Amino acid sequence: MTDGADKPRQTPSQTVGPYFAYCLTPQQYGYDFASIASGTLAGHEIDGEHIRIEGRVLDGAGTPVDDALIEFWQADAQGRYAHPADPRGSNLAFKGFGRVGTGTDPHKRFIFHTVKPGSVDGKQAPHINVIVLMRGTLLHAYTRIYFADEAAANAVDPILLAVPAGRRDTLIAVREETPTGTVYRFDIHMQGERETAFFDA
Amino acid sequence: MNTISPRDWASHPPYLHAPYRSTSLRGPTKPLIPIQQTLSELTGPVYGHESLGRLDADLTKNARRNGEPLGERIIVTGRVMGDDGRLLPDTLLEIWQANACGRYVHKTDQHDAPLDPNFLGGGRCVTDDEGRYRFYTIKHGAYPWGNHHNAWRPNHIHFSLFGPTLLTRLVTQMYFPGDPLLELDPIYQSAPAGARERMIANFSIDVTEPGFALGYVFDIVLRGRGATPMERTP
């Protein structure tokens, strides 16, 4: 298709709505339909530092959202993506995709069990790519989680450097050692003074 | 590696759209931060034919307990492509919808209409070599919601697609031709005029199966391949 007039145009985005769970996260919510993904990206057999990432989605009034859907896309502990475009070859044991709704936890958290990703190209600090969907967002939001204990790598990460200095800490997950393992806490603020930095790539 | 074409902002709704009230506290208010496309954006989850259950694409069969679901059977098919015109094979589609009475299976749906024990309303399909998908389902009823007085959603099927990379992710809704509620629906109307019409399926007598079900065609266009290759790491 070389004629600009015939070029197909993008289908508009619409909200995921409140009732995605029986299709997108059925097992988490107790529906009788197999899930393609869950909050567990890595079982014990996967190499790497096993971590938990927990957080809430907060609306402009500071109220935790109980019908959000959070998706993770991340590299494995060596920084490899399970995708044909990764030139270093995929780690097929680690799919790298997770999906959790905020409607089943009493504190409205999303909780992911995964491994801490490695640096993907030697230039970027370790990070997890995050897609945020919910009733009331007509277009999904895209952000990233960086790790507080990677300060040196974060300081030179080209994507973090594109974020105004005062907003960078909205992308940094705080590390905490607990009796049940290492937890990173990362809240997503849709609006307000601490509005999370969202990207257009 | 090729980049992905930009998001066509003239085709998508804004984050804040006052007539759809839930956007007012949930849509980001600060401008999105433009970033380069890196390997993180130019890869994405891979789900092919192996991720499907046998009846995933047939919603009239994938949740049967003691009989057939009630309602009018329909066929929904179409092609998935990038905005560069390339058809996209091996692309996962996930769909969900209300039942024939306009009731969602979801536990928090309080609409006073009956559930159907033989209908879940969720399905999946992966596109074939020519980017084509095909679902069998039930045409669902209109759905009341609390956005404003006497608010009813037009008939719609929710669609979720990944496409080849993280940047091609799309969640949208398919609507039906001639639905009088489209003019009154703030979600449909949130997309710009000239673009929103792309979300309306076309009735097709060719897709319609004689004596069995009406057919609708809904083609879906994702962000396609970009014009410039990604900057190489030396």
# chains A, B, ... in the order shown; residues from 1 in each chain; ligands from 1
call {"tool": "interface_residues", "arguments": {"of": "chain A", "to": "chain B", "cutoff": "6 Å", "atoms": "only C-alpha atoms", "output": "list in words"}}
result
Pro8, Arg9, Gln10, Thr11, Pro12, Ser13, Gln14, Tyr19, Cys23, Asp59, Gly60, His83, Phe97, Gly136, Thr137, Leu138, Met190, Gln191, Phe198, Phe199, Asp200 and Ala201 of chain A
call {"tool": "residues_around", "arguments": {"residues": "region 128-135 of chain B", "least_positions_apart": "3", "cutoff": "8 Å", "atoms": "only C-alpha atoms", "output": "PyMOL selection string"}}
result
chain B and resi 57-59+75-81+87-91+123+125
call {"tool": "write_last_selection", "arguments": {"atoms": "N, CA and C atoms", "output": "compact mmCIF listing (two decimals), in the first residue's frame"}}
result
# COMPACT_ATOMS: atom_id res chain seq x y z
N ALA B 57 -12.13 -20.37 20.84
CA ALA B 57 -12.66 -19.38 19.89
C ALA B 57 -14.16 -19.55 19.66
N ASP B 58 -14.77 -20.52 20.33
CA ASP B 58 -16.21 -20.74 20.15
C ASP B 58 -16.92 -20.54 21.49
N LEU B 59 -17.41 -19.32 21.69
CA LEU B 59 -18.04 -18.98 22.97
C LEU B 59 -19.40 -19.65 23.14
N ILE B 75 -21.22 -14.92 14.06
CA ILE B 75 -19.82 -15.15 13.70
C ILE B 75 -19.15 -13.78 13.63
N VAL B 76 -18.01 -13.65 14.27
CA VAL B 76 -17.24 -12.41 14.18
C VAL B 76 -15.86 -12.77 13.66
N THR B 77 -15.50 -12.20 12.52
CA THR B 77 -14.23 -12.53 11.90
C THR B 77 -13.60 -11.26 11.34
N GLY B 78 -12.33 -11.33 11.01
CA GLY B 78 -11.67 -10.16 10.43
C GLY B 78 -10.18 -10.42 10.34
N ARG B 79 -9.48 -9.39 9.89
CA ARG B 79 -8.03 -9.50 9.77
C ARG B 79 -7.37 -8.50 10.71
N VAL B 80 -6.21 -8.86 11.20
CA VAL B 80 -5.41 -7.97 12.04
C VAL B 80 -4.20 -7.55 11.23
N MET B 81 -3.95 -6.26 11.18
CA MET B 81 -2.83 -5.73 10.38
C MET B 81 -2.19 -4.55 11.09
N LEU B 87 -0.27 -7.72 7.09
CA LEU B 87 -1.14 -8.60 7.87
C LEU B 87 -0.32 -9.25 8.98
N LEU B 88 -0.94 -9.49 10.11
CA LEU B 88 -0.22 -9.99 11.28
C LEU B 88 -0.68 -11.40 11.64
N PRO B 89 0.10 -12.42 11.25
CA PRO B 89 -0.20 -13.79 11.65
C PRO B 89 0.20 -14.03 13.10
N ASP B 90 -0.30 -15.13 13.68
CA ASP B 90 0.12 -15.59 15.01
C ASP B 90 -0.06 -14.53 16.09
N THR B 91 -1.14 -13.77 15.98
CA THR B 91 -1.43 -12.73 16.97
C THR B 91 -2.62 -13.14 17.83
N GLY B 123 -13.35 -15.53 25.34
CA GLY B 123 -12.78 -16.39 24.32
C GLY B 123 -11.43 -15.89 23.84
N CYS B 125 -8.47 -16.35 20.37
CA CYS B 125 -8.17 -16.85 19.04
C CYS B 125 -6.79 -16.34 18.65
call {"tool": "residues_around", "arguments": {"residues": "region 90-94 of chain A", "least_positions_apart": "6", "cutoff": "10 Å", "atoms": "only C-alpha atoms", "output": "ChimeraX atom specification"}}
result
/A:41-43,45-47,74-84,114-115
call {"tool": "select_by_dssp", "arguments": {"residues": "region 47-116 of chain B", "states": "strand (DSSP E or B)", "output": "count of residues only"}}
result
17
call {"tool": "residues_around", "arguments": {"residues": "Leu70 (chain B)", "least_positions_apart": "6", "cutoff": "9 Å", "atoms": "only C-alpha atoms", "output": "ChimeraX atom specification"}}
result
/B:60,99-101,116,118-119,138
call {"tool": "select_by_dssp", "arguments": {"residues": "chain B", "states": "alpha helix (DSSP H)", "output": "ChimeraX atom specification"}}
result
/B:23-26
call {"tool": "atom_distance", "arguments": {"atom1": "CA of Asp149 (chain A)", "atom2": "CA of Pro106 (chain A)"}}
result
28.6 Å
call {"tool": "atom_distance", "arguments": {"atom1": "CA of Glu72 (chain B)", "atom2": "CA of Gly30 (chain A)"}}
result
27.5 Å
